[in-house]
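Just entry_24.pdb here, PDB, C-alpha atoms, pLDDT in the B column:
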```
ATOM      1  CA  ILE A   1      -9.437 -14.975 -18.973  1.00 87.00           C
ATOM      2  CA  GLU A   2      -6.457 -17.303 -18.648  1.00 93.00           C
ATOM      3  CA  LEU A   3      -4.246 -16.149 -15.784  1.00 97.00           C
ATOM      4  CA  LYS A   4      -0.951 -17.686 -14.665  1.00 97.00           C
ATOM      5  CA  SER A   5      -1.324 -16.125 -11.210  1.00 98.00           C
ATOM      6  CA  PRO A   6      -3.017 -18.499  -8.730  1.00 98.00           C
ATOM      7  CA  SER A   7      -5.339 -15.905  -7.212  1.00 98.00           C
ATOM      8  CA  ALA A   8      -7.032 -12.800  -8.618  1.00 98.00           C
ATOM      9  CA  ILE A   9     -10.151 -10.651  -8.466  1.00 98.00           C
ATOM     10  CA  LEU A  10     -11.654  -7.778 -10.451  1.00 98.00           C
ATOM     11  CA  MET A  11     -14.052  -5.426  -8.665  1.00 98.00           C
ATOM     12  CA  GLU A  12     -16.019  -2.307  -9.580  1.00 98.00           C
ATOM     13  CA  ALA A  13     -15.259   0.187  -6.827  1.00 98.00           C
ATOM     14  CA  SER A  14     -18.497   2.157  -6.315  1.00 97.00           C
ATOM     15  CA  THR A  15     -20.687  -0.934  -5.799  1.00 97.00           C
ATOM     16  CA  GLY A  16     -18.164  -3.594  -4.806  1.00 98.00           C
ATOM     17  CA  GLN A  17     -19.550  -5.758  -7.643  1.00 98.00           C
ATOM     18  CA  VAL A  18     -17.158  -8.621  -8.437  1.00 98.00           C
ATOM     19  CA  ILE A  19     -16.682  -8.970 -12.210  1.00 98.00           C
ATOM     20  CA  TYR A  20     -14.146 -11.798 -12.224  1.00 98.00           C
ATOM     21  CA  GLU A  21     -12.472 -13.977  -9.630  1.00 98.00           C
ATOM     22  CA  LYS A  22     -10.035 -16.858  -9.485  1.00 98.00           C
ATOM     23  CA  ASP A  23      -9.461 -18.573  -6.114  1.00 98.00           C
ATOM     24  CA  ALA A  24     -10.105 -15.189  -4.511  1.00 98.00           C
ATOM     25  CA  ASP A  25     -10.509 -16.608  -0.985  1.00 98.00           C
ATOM     26  CA  THR A  26      -7.249 -18.564  -0.881  1.00 98.00           C
ATOM     27  CA  SER A  27      -5.128 -17.435   2.061  1.00 98.00           C
ATOM     28  CA  LEU A  28      -1.779 -16.114   0.817  1.00 98.00           C
ATOM     29  CA  HIS A  29       1.088 -13.849   1.878  1.00 98.00           C
ATOM     30  CA  PRO A  30       0.147 -10.283   0.839  1.00 98.00           C
ATOM     31  CA  ALA A  31       3.612  -8.664   0.998  1.00 98.00           C
ATOM     32  CA  SER A  32       3.527  -4.846   0.743  1.00 98.00           C
ATOM     33  CA  ILE A  33      -0.103  -4.719  -0.364  1.00 98.00           C
ATOM     34  CA  THR A  34      -0.521  -4.771   3.440  1.00 98.00           C
ATOM     35  CA  LYS A  35       0.364  -1.068   3.285  1.00 98.00           C
ATOM     36  CA  ILE A  36      -3.085  -0.266   1.854  1.00 98.00           C
ATOM     37  CA  MET A  37      -4.460  -0.824   5.372  1.00 99.00           C
ATOM     38  CA  THR A  38      -1.626   1.215   6.864  1.00 98.00           C
ATOM     39  CA  LEU A  39      -2.605   4.068   4.523  1.00 98.00           C
ATOM     40  CA  ILE A  40      -6.294   3.736   5.473  1.00 98.00           C
ATOM     41  CA  LEU A  41      -5.375   4.198   9.149  1.00 98.00           C
ATOM     42  CA  ILE A  42      -3.142   7.172   8.313  1.00 98.00           C
ATOM     43  CA  PHE A  43      -5.991   8.873   6.433  1.00 98.00           C
ATOM     44  CA  ASP A  44      -8.431   7.926   9.234  1.00 98.00           C
ATOM     45  CA  ALA A  45      -6.136   9.713  11.704  1.00 98.00           C
ATOM     46  CA  ILE A  46      -5.963  12.792   9.439  1.00 98.00           C
ATOM     47  CA  LYS A  47      -9.753  12.843   9.039  1.00 98.00           C
ATOM     48  CA  ASP A  48     -10.206  12.549  12.816  1.00 98.00           C
ATOM     49  CA  GLY A  49      -7.840  15.474  13.382  1.00 98.00           C
ATOM     50  CA  LYS A  50      -5.418  13.245  15.297  1.00 98.00           C
ATOM     51  CA  ILE A  51      -2.566  14.112  12.935  1.00 98.00           C
ATOM     52  CA  GLY A  52      -1.988  16.622  10.110  1.00 98.00           C
ATOM     53  CA  LEU A  53      -0.142  16.441   6.795  1.00 98.00           C
ATOM     54  CA  ASP A  54       2.397  19.023   7.981  1.00 98.00           C
ATOM     55  CA  ASP A  55       3.158  17.248  11.287  1.00 98.00           C
ATOM     56  CA  GLU A  56       6.795  16.256  11.677  1.00 98.00           C
ATOM     57  CA  VAL A  57       7.378  12.592  12.487  1.00 98.00           C
ATOM     58  CA  THR A  58      10.603  11.609  14.257  1.00 98.00           C
ATOM     59  CA  VAL A  59      12.011   8.279  13.087  1.00 98.00           C
ATOM     60  CA  SER A  60      12.809   5.769  15.857  1.00 98.00           C
ATOM     61  CA  GLU A  61      15.778   3.352  15.923  1.00 98.00           C
ATOM     62  CA  TYR A  62      13.288   0.529  15.353  1.00 98.00           C
ATOM     63  CA  ALA A  63      11.649   2.169  12.320  1.00 98.00           C
ATOM     64  CA  ALA A  64      15.062   2.956  10.825  1.00 98.00           C
ATOM     65  CA  SER A  65      16.121  -0.691  11.239  1.00 97.00           C
ATOM     66  CA  MET A  66      13.454  -2.093   8.891  1.00 96.00           C
ATOM     67  CA  GLY A  67      14.799  -4.199   6.046  1.00 91.00           C
ATOM     68  CA  GLY A  68      13.247  -4.758   2.628  1.00 95.00           C
ATOM     69  CA  SER A  69      12.050  -1.808   0.557  1.00 96.00           C
ATOM     70  CA  GLN A  70      12.886   1.434   2.323  1.00 97.00           C
ATOM     71  CA  VAL A  71      13.847   5.073   1.830  1.00 98.00           C
ATOM     72  CA  PHE A  72      16.765   4.810   4.290  1.00 97.00           C
ATOM     73  CA  LEU A  73      15.349   7.007   7.029  1.00 98.00           C
ATOM     74  CA  GLU A  74      17.778   7.459   9.915  1.00 97.00           C
ATOM     75  CA  ALA A  75      16.997   7.347  13.632  1.00 97.00           C
ATOM     76  CA  GLY A  76      16.204  10.879  14.826  1.00 97.00           C
ATOM     77  CA  GLU A  77      15.445  12.132  11.313  1.00 97.00           C
ATOM     78  CA  LYS A  78      12.198  14.087  10.911  1.00 98.00           C
ATOM     79  CA  GLN A  79       9.845  13.947   7.928  1.00 98.00           C
ATOM     80  CA  THR A  80       6.345  15.341   7.461  1.00 98.00           C
ATOM     81  CA  VAL A  81       3.300  13.065   7.369  1.00 98.00           C
ATOM     82  CA  ASP A  82       2.831  14.182   3.739  1.00 98.00           C
ATOM     83  CA  THR A  83       6.353  12.977   2.829  1.00 98.00           C
ATOM     84  CA  MET A  84       5.843   9.705   4.714  1.00 98.00           C
ATOM     85  CA  ILE A  85       2.635   9.001   2.738  1.00 98.00           C
ATOM     86  CA  LYS A  86       4.563   9.656  -0.480  1.00 98.00           C
ATOM     87  CA  CYS A  87       7.331   7.263   0.588  1.00 98.00           C
ATOM     88  CA  ILE A  88       4.796   4.547   1.459  1.00 98.00           C
ATOM     89  CA  SER A  89       2.635   4.992  -1.668  1.00 98.00           C
ATOM     90  CA  MET A  90       5.415   5.356  -4.229  1.00 98.00           C
ATOM     91  CA  ALA A  91       8.469   3.579  -2.837  1.00 97.00           C
ATOM     92  CA  SER A  92       6.720   1.059  -0.549  1.00 98.00           C
ATOM     93  CA  ALA A  93       8.930   2.206   2.320  1.00 98.00           C
ATOM     94  CA  ASN A  94       8.850  -0.161   5.311  1.00 98.00           C
ATOM     95  CA  ASP A  95      10.745   2.339   7.476  1.00 98.00           C
ATOM     96  CA  ALA A  96       8.158   5.076   6.764  1.00 98.00           C
ATOM     97  CA  CYS A  97       5.310   2.658   7.589  1.00 98.00           C
ATOM     98  CA  VAL A  98       6.722   1.761  10.976  1.00 98.00           C
ATOM     99  CA  ALA A  99       7.524   5.410  11.778  1.00 98.00           C
ATOM    100  CA  MET A 100       3.900   6.338  10.993  1.00 98.00           C
ATOM    101  CA  SER A 101       2.501   3.417  13.000  1.00 98.00           C
ATOM    102  CA  GLU A 102       4.468   4.573  16.053  1.00 98.00           C
ATOM    103  CA  TYR A 103       3.466   8.205  15.498  1.00 98.00           C
ATOM    104  CA  ILE A 104      -0.255   7.347  15.377  1.00 98.00           C
ATOM    105  CA  GLU A 105      -0.552   4.576  17.999  1.00 98.00           C
ATOM    106  CA  GLY A 106       2.685   4.688  20.035  1.00 98.00           C
ATOM    107  CA  THR A 107       3.869   1.233  18.975  1.00 98.00           C
ATOM    108  CA  GLU A 108       3.670  -0.864  15.828  1.00 98.00           C
ATOM    109  CA  SER A 109       1.854  -3.649  17.718  1.00 98.00           C
ATOM    110  CA  ALA A 110      -0.886  -1.242  18.892  1.00 98.00           C
ATOM    111  CA  PHE A 111      -1.226  -0.008  15.299  1.00 98.00           C
ATOM    112  CA  VAL A 112      -1.447  -3.591  13.963  1.00 98.00           C
ATOM    113  CA  ALA A 113      -4.274  -4.303  16.441  1.00 98.00           C
ATOM    114  CA  LYS A 114      -6.124  -1.341  14.881  1.00 98.00           C
ATOM    115  CA  MET A 115      -5.375  -2.698  11.388  1.00 98.00           C
ATOM    116  CA  ASN A 116      -7.007  -6.016  12.292  1.00 98.00           C
ATOM    117  CA  GLU A 117      -9.963  -4.237  13.902  1.00 98.00           C
ATOM    118  CA  ARG A 118     -10.455  -2.126  10.754  1.00 98.00           C
ATOM    119  CA  ALA A 119     -10.156  -5.247   8.581  1.00 98.00           C
ATOM    120  CA  MET A 120     -12.926  -6.987  10.524  1.00 98.00           C
ATOM    121  CA  GLY A 121     -15.128  -3.911  10.061  1.00 98.00           C
ATOM    122  CA  LEU A 122     -14.665  -4.178   6.293  1.00 98.00           C
ATOM    123  CA  GLY A 123     -15.615  -7.870   6.252  1.00 98.00           C
ATOM    124  CA  MET A 124     -12.035  -8.989   5.550  1.00 98.00           C
ATOM    125  CA  ASN A 125     -12.709 -12.328   7.187  1.00 98.00           C
ATOM    126  CA  ASN A 126      -9.629 -14.152   5.914  1.00 98.00           C
ATOM    127  CA  THR A 127      -7.019 -11.562   6.826  1.00 98.00           C
ATOM    128  CA  ASN A 128      -4.627 -11.379   9.756  1.00 98.00           C
ATOM    129  CA  PHE A 129      -1.978  -8.680   9.988  1.00 98.00           C
ATOM    130  CA  VAL A 130       1.139  -9.231  12.112  1.00 98.00           C
ATOM    131  CA  ASN A 131       3.067  -6.124  10.996  1.00 98.00           C
ATOM    132  CA  CYS A 132       2.251  -2.839   9.253  1.00 98.00           C
ATOM    133  CA  CYS A 133       4.494  -3.221   6.204  1.00 98.00           C
ATOM    134  CA  GLY A 134       4.044  -6.761   4.856  1.00 98.00           C
ATOM    135  CA  LEU A 135       7.405  -8.375   5.547  1.00 96.00           C
ATOM    136  CA  ASP A 136       7.058 -12.188   5.510  1.00 96.00           C
ATOM    137  CA  THR A 137       6.022 -13.358   8.985  1.00 96.00           C
ATOM    138  CA  ASP A 138       4.159 -16.438  10.197  1.00 97.00           C
ATOM    139  CA  GLY A 139       0.421 -15.761  10.276  1.00 98.00           C
ATOM    140  CA  HIS A 140       0.546 -12.547   8.208  1.00 98.00           C
ATOM    141  CA  MET A 141      -2.012 -13.560   5.568  1.00 98.00           C
ATOM    142  CA  SER A 142      -4.773 -12.201   3.355  1.00 98.00           C
ATOM    143  CA  THR A 143      -6.770 -13.004   0.209  1.00 98.00           C
ATOM    144  CA  ALA A 144      -7.422 -11.343  -3.142  1.00 98.00           C
ATOM    145  CA  ARG A 145     -11.012 -10.596  -2.107  1.00 98.00           C
ATOM    146  CA  ASP A 146      -9.978  -9.009   1.194  1.00 98.00           C
ATOM    147  CA  ILE A 147      -7.329  -6.900  -0.542  1.00 98.00           C
ATOM    148  CA  ALA A 148      -9.952  -5.695  -3.027  1.00 98.00           C
ATOM    149  CA  LEU A 149     -12.221  -4.754  -0.094  1.00 98.00           C
ATOM    150  CA  MET A 150      -9.543  -2.639   1.598  1.00 98.00           C
ATOM    151  CA  SER A 151      -8.460  -1.124  -1.732  1.00 98.00           C
ATOM    152  CA  ARG A 152     -12.073  -0.122  -2.338  1.00 98.00           C
ATOM    153  CA  GLU A 153     -12.251   1.480   1.135  1.00 98.00           C
ATOM    154  CA  LEU A 154      -9.085   3.485   0.510  1.00 98.00           C
ATOM    155  CA  ILE A 155      -9.960   4.838  -2.947  1.00 98.00           C
ATOM    156  CA  THR A 156     -13.654   5.546  -2.279  1.00 98.00           C
ATOM    157  CA  LYS A 157     -13.234   7.062   1.192  1.00 98.00           C
ATOM    158  CA  TYR A 158      -9.901   8.803   0.574  1.00 98.00           C
ATOM    159  CA  PRO A 159      -9.609   9.520  -3.175  1.00 98.00           C
ATOM    160  CA  GLN A 160      -6.733  11.894  -2.349  1.00 98.00           C
ATOM    161  CA  ILE A 161      -4.554   8.747  -2.260  1.00 98.00           C
ATOM    162  CA  HIS A 162      -4.415   9.080  -6.058  1.00 98.00           C
ATOM    163  CA  ASP A 163      -2.503  12.365  -5.629  1.00 98.00           C
ATOM    164  CA  TYR A 164       0.311  10.178  -4.278  1.00 98.00           C
ATOM    165  CA  SER A 165      -0.176   6.852  -6.083  1.00 98.00           C
ATOM    166  CA  THR A 166      -0.047   8.437  -9.553  1.00 98.00           C
ATOM    167  CA  ILE A 167       3.311  10.221  -9.086  1.00 98.00           C
ATOM    168  CA  TRP A 168       5.918   8.451 -11.226  1.00 98.00           C
ATOM    169  CA  MET A 169       9.093  10.071  -9.838  1.00 98.00           C
ATOM    170  CA  ASP A 170       9.875  12.525  -7.043  1.00 98.00           C
ATOM    171  CA  THR A 171      12.531  13.354  -4.488  1.00 97.00           C
ATOM    172  CA  ILE A 172      12.653  13.761  -0.728  1.00 98.00           C
ATOM    173  CA  ILE A 173      15.279  15.511   1.393  1.00 97.00           C
ATOM    174  CA  HIS A 174      17.009  13.586   4.177  1.00 96.00           C
ATOM    175  CA  SER A 175      18.078  16.026   6.915  1.00 93.00           C
ATOM    176  CA  THR A 176      20.477  14.296   9.302  1.00 91.00           C
ATOM    177  CA  ARG A 177      23.445  15.345  11.406  1.00 88.00           C
ATOM    178  CA  ARG A 178      25.583  14.933   8.279  1.00 90.00           C
ATOM    179  CA  GLY A 179      23.506  17.612   6.535  1.00 94.00           C
ATOM    180  CA  ASP A 180      20.880  17.513   3.813  1.00 96.00           C
ATOM    181  CA  SER A 181      20.836  15.000   0.980  1.00 97.00           C
ATOM    182  CA  GLU A 182      18.394  14.368  -1.834  1.00 97.00           C
ATOM    183  CA  PHE A 183      16.862  10.905  -2.288  1.00 97.00           C
ATOM    184  CA  GLY A 184      15.005   9.864  -5.430  1.00 98.00           C
ATOM    185  CA  LEU A 185      11.663   8.036  -5.334  1.00 98.00           C
ATOM    186  CA  THR A 186      10.349   5.984  -8.258  1.00 97.00           C
ATOM    187  CA  ASN A 187       6.886   4.453  -8.195  1.00 98.00           C
ATOM    188  CA  THR A 188       7.033   0.654  -7.872  1.00 98.00           C
ATOM    189  CA  ASN A 189       3.769   0.445  -9.871  1.00 98.00           C
ATOM    190  CA  LYS A 190       4.899   0.284 -13.518  1.00 98.00           C
ATOM    191  CA  LEU A 191       1.273   0.665 -14.689  1.00 98.00           C
ATOM    192  CA  ILE A 192       1.451   4.389 -13.850  1.00 98.00           C
ATOM    193  CA  LYS A 193       3.849   4.637 -16.802  1.00 97.00           C
ATOM    194  CA  GLN A 194       2.503   1.820 -18.988  1.00 97.00           C
ATOM    195  CA  TYR A 195      -1.301   1.967 -18.739  1.00 98.00           C
ATOM    196  CA  GLU A 196      -3.086   5.229 -19.504  1.00 97.00           C
ATOM    197  CA  TRP A 197      -6.036   4.666 -17.133  1.00 98.00           C
ATOM    198  CA  ALA A 198      -3.963   3.582 -14.121  1.00 98.00           C
ATOM    199  CA  THR A 199      -4.575   5.494 -10.874  1.00 98.00           C
ATOM    200  CA  GLY A 200      -2.625   3.323  -8.395  1.00 98.00           C
ATOM    201  CA  LEU A 201      -2.466   1.539  -6.088  1.00 98.00           C
ATOM    202  CA  LYS A 202       0.109  -0.759  -4.449  1.00 98.00           C
ATOM    203  CA  THR A 203       2.654  -3.395  -5.368  1.00 98.00           C
ATOM    204  CA  GLY A 204       4.179  -6.063  -3.157  1.00 98.00           C
ATOM    205  CA  SER A 205       6.776  -8.778  -3.529  1.00 98.00           C
ATOM    206  CA  THR A 206       8.650 -11.020  -1.127  1.00 97.00           C
ATOM    207  CA  GLU A 207      10.147 -14.488  -1.371  1.00 96.00           C
ATOM    208  CA  LEU A 208       7.029 -16.140   0.074  1.00 96.00           C
ATOM    209  CA  ALA A 209       4.426 -13.831  -1.480  1.00 98.00           C
ATOM    210  CA  LYS A 210       5.980 -13.764  -4.976  1.00 98.00           C
ATOM    211  CA  CYS A 211       4.690 -10.781  -7.026  1.00 98.00           C
ATOM    212  CA  CYS A 212       1.474  -9.101  -5.873  1.00 98.00           C
ATOM    213  CA  LEU A 213      -0.464  -6.074  -7.066  1.00 98.00           C
ATOM    214  CA  SER A 214      -3.606  -4.166  -6.242  1.00 98.00           C
ATOM    215  CA  ALA A 215      -4.125  -2.053  -9.354  1.00 98.00           C
ATOM    216  CA  THR A 216      -6.727   0.687  -9.698  1.00 98.00           C
ATOM    217  CA  ALA A 217      -7.820   2.325 -12.928  1.00 98.00           C
ATOM    218  CA  ASN A 218     -10.431   4.859 -13.991  1.00 98.00           C
ATOM    219  CA  LYS A 219     -11.967   4.871 -17.461  1.00 96.00           C
ATOM    220  CA  ASP A 220     -15.252   6.517 -18.482  1.00 96.00           C
ATOM    221  CA  ARG A 221     -15.723   7.593 -14.841  1.00 95.00           C
ATOM    222  CA  ILE A 222     -15.679   3.958 -13.657  1.00 97.00           C
ATOM    223  CA  ASP A 223     -13.176   2.904 -10.982  1.00 98.00           C
ATOM    224  CA  ILE A 224     -11.957  -0.682 -11.257  1.00 98.00           C
ATOM    225  CA  ILE A 225      -9.767  -2.627  -8.826  1.00 98.00           C
ATOM    226  CA  ALA A 226      -7.706  -5.613 -10.028  1.00 98.00           C
ATOM    227  CA  VAL A 227      -5.872  -7.689  -7.432  1.00 98.00           C
ATOM    228  CA  ILE A 228      -3.235 -10.234  -8.478  1.00 98.00           C
ATOM    229  CA  ILE A 229      -1.594 -12.414  -5.824  1.00 98.00           C
ATOM    230  CA  ALA A 230       1.493 -14.646  -6.099  1.00 98.00           C
ATOM    231  CA  ALA A 231       2.249 -13.955  -9.765  1.00 98.00           C
ATOM    232  CA  PRO A 232       5.372 -15.898 -10.806  1.00 97.00           C
ATOM    233  CA  GLU A 233       7.180 -12.735 -11.940  1.00 97.00           C
ATOM    234  CA  SER A 234       6.760  -8.978 -11.830  1.00 97.00           C
ATOM    235  CA  LYS A 235       5.747  -8.361 -15.429  1.00 97.00           C
ATOM    236  CA  THR A 236       3.055 -11.065 -15.154  1.00 98.00           C
ATOM    237  CA  ARG A 237       1.224  -9.211 -12.343  1.00 98.00           C
ATOM    238  CA  PHE A 238       1.099  -6.007 -14.399  1.00 98.00           C
ATOM    239  CA  ALA A 239       0.010  -7.715 -17.632  1.00 98.00           C
ATOM    240  CA  GLU A 240      -2.659  -9.778 -15.863  1.00 98.00           C
ATOM    241  CA  ALA A 241      -4.027  -6.764 -13.955  1.00 98.00           C
ATOM    242  CA  VAL A 242      -4.399  -4.895 -17.260  1.00 97.00           C
TER     243      VAL A 242
END
```

Here is the file; what I need is its structure written in the form of structure tokens.
Amino acid sequence: IELKSPSAILMEASTGQVIYEKDADTSLHPASITKIMTLILIFDAIKDGKIGLDDEVTVSEYAASMGGSQVFLEAGEKQTVDTMIKCISMASANDACVAMSEYIEGTESAFVAKMNERAMGLGMNNTNFVNCCGLDTDGHMSTARDIALMSRELITKYPQIHDYSTIWMDTIIHSTRRGDSEFGLTNTNKLIKQYEWATGLKTGSTELAKCCLSATANKDRIDIIAVIIAAPESKTRFAEAV
């Protein structure tokens, strides 16, 4: 395969067998693909009975202040864990990520420590998380191989993620002191619309990271994970993942 993207990997999910790789251990900025680990920790907390899908999460000033991709949560606003997962999976919402990190561990930094601990447990030896959402920060780095490893963990351990990652469009309700307002969500992963076997999983793009994607697909009962890092443009990451 001739890929323009500098780093990529293709993995079969049930075994972890690598089918193709290109500079898969090069340390690069992962952008919002970081959120795959955030989602793993959210589902870990649900499995452990620490939180529930119907729990209401109150958004802090800090969470509401996040830049980049967001769903414009306001300080003091409440949303269920279920809605927050939808916002993270579909709309790549930084504000929802930080709100969930604080809900589960008290502070984002305590949550990030858990992210790094979980990464080490998965053998993600070339990854270091500095935040829970993937905004460009010094030292916040990963590799295509490590992203494939955490993607594999998420889809094999918590296949219910596909209930969220395959939704193309949806809406949430913001309830604030100004009343209720509807907010539309559109999945950032164009493959959900363009590729019939697509099941997820997460896009990411920042100035430093360029265009990244961890794409999952299921055909003939086989789950495949394709990770593309630092594609020069958005359509390239989708075409090369396919």

If you count all atoms listed in the file, which residues fall within 10 Å of Lys202 of chain A, apart from same-chain ones fewer than 3 positions away, as a ChimeraX atom specification?
/A:32-36,88-92,151,165,187-189,212-216,227

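Residues selected in this file by the PyMOL selection byres ((chain A and resi 235) around 12) comprise Lys4, Ser5, Thr188, Asn189, Lys190, Leu191, Gln194, Thr203, Ser205, Lys210, Cys211, Cys212, Leu213, Ile228, Ala231, Pro232, Glu233, Ser234, Thr236, Arg237, Phe238, Ala239, Glu240, Ala241 and Val242 of chain A.
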
Save out the residues we just selected, C-alpha atoms, as a compact mmCIF listing (two decimals), in the coordinates of the input.
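Below is the file that was written, result_20.txt:
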```
# COMPACT_ATOMS: atom_id res chain seq x y z
CA LYS A 4 -0.95 -17.69 -14.66
CA SER A 5 -1.32 -16.12 -11.21
CA THR A 188 7.03 0.65 -7.87
CA ASN A 189 3.77 0.44 -9.87
CA LYS A 190 4.90 0.28 -13.52
CA LEU A 191 1.27 0.66 -14.69
CA GLN A 194 2.50 1.82 -18.99
CA THR A 203 2.65 -3.40 -5.37
CA SER A 205 6.78 -8.78 -3.53
CA LYS A 210 5.98 -13.76 -4.98
CA CYS A 211 4.69 -10.78 -7.03
CA CYS A 212 1.47 -9.10 -5.87
CA LEU A 213 -0.46 -6.07 -7.07
CA ILE A 228 -3.24 -10.23 -8.48
CA ALA A 231 2.25 -13.96 -9.76
CA PRO A 232 5.37 -15.90 -10.81
CA GLU A 233 7.18 -12.74 -11.94
CA SER A 234 6.76 -8.98 -11.83
CA THR A 236 3.06 -11.06 -15.15
CA ARG A 237 1.22 -9.21 -12.34
CA PHE A 238 1.10 -6.01 -14.40
CA ALA A 239 0.01 -7.72 -17.63
CA GLU A 240 -2.66 -9.78 -15.86
CA ALA A 241 -4.03 -6.76 -13.96
CA VAL A 242 -4.40 -4.89 -17.26
```

Quick one: everything within 8 Å of Leu39 of chain A, counting only C-alpha atoms, minus sequence neighbours fewer than 4 positions away in the same chain. Send it as JSON, numbers by chain.
{"A": [35, 43, 85, 154]}

Suppose you want the space between atom CA of Ser27 of chain A and atom CA of Ala119 of chain A; what is it in Å?
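That distance, rounded to one decimal, is 14.7 Å.
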
Would you please work out which residue, of A:Asn125, A:Thr143, A:Ser101, A:Ser60, is nearest to Ile9 of chain A when using all atoms listed in the file?
A:Thr143

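Taking atom CA of Ser69 of chain A and atom CA of Glu12 of chain A as the two end points, the separation is 29.8 Å.
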
Residue nearest Leu28 of chain A - candidates A:Gln70, A:Ser142, A:Thr137, A:Thr58, atoms counted: all atoms listed in the file
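Going through A:Gln70, A:Ser142, A:Thr137, A:Thr58 one by one, the smallest distance to Leu28 of chain A is for A:Ser142.
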
With C-alpha atoms retained, output segment 214-238 of chain A as an mmCIF file, in the first residue's frame.
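Listed below is the output, selection21.cif:
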```cif
data_model
loop_
_atom_site.group_PDB
_atom_site.id
_atom_site.type_symbol
_atom_site.label_atom_id
_atom_site.label_comp_id
_atom_site.auth_asym_id
_atom_site.auth_seq_id
_atom_site.Cartn_x
_atom_site.Cartn_y
_atom_site.Cartn_z
ATOM 1 C CA SER A 214 -8.513 5.365 14.549
ATOM 2 C CA ALA A 215 -11.063 3.625 12.337
ATOM 3 C CA THR A 216 -12.814 0.372 13.203
ATOM 4 C CA ALA A 217 -14.775 -1.805 10.812
ATOM 5 C CA ASN A 218 -16.518 -5.168 10.938
ATOM 6 C CA LYS A 219 -16.914 -7.377 7.878
ATOM 7 C CA ASP A 220 -17.619 -11.125 7.860
ATOM 8 C CA ARG A 221 -17.527 -11.053 11.684
ATOM 9 C CA ILE A 222 -13.925 -9.774 11.673
ATOM 10 C CA ASP A 223 -13.091 -6.553 13.535
ATOM 11 C CA ILE A 224 -10.279 -4.506 12.009
ATOM 12 C CA ILE A 225 -8.593 -1.394 13.408
ATOM 13 C CA ALA A 226 -6.835 1.076 11.082
ATOM 14 C CA VAL A 227 -4.872 3.926 12.643
ATOM 15 C CA ILE A 228 -3.662 6.853 10.522
ATOM 16 C CA ILE A 229 -1.528 9.562 12.132
ATOM 17 C CA ALA A 230 -0.553 12.997 10.774
ATOM 18 C CA ALA A 231 -2.355 12.711 7.434
ATOM 19 C CA PRO A 232 -1.848 15.933 5.439
ATOM 20 C CA GLU A 233 -5.602 16.527 5.105
ATOM 21 C CA SER A 234 -8.868 15.147 6.422
ATOM 22 C CA LYS A 235 -10.016 13.238 3.356
ATOM 23 C CA THR A 236 -6.615 11.502 3.141
ATOM 24 C CA ARG A 237 -7.007 9.906 6.604
ATOM 25 C CA PHE A 238 -10.411 8.474 5.671
#
```
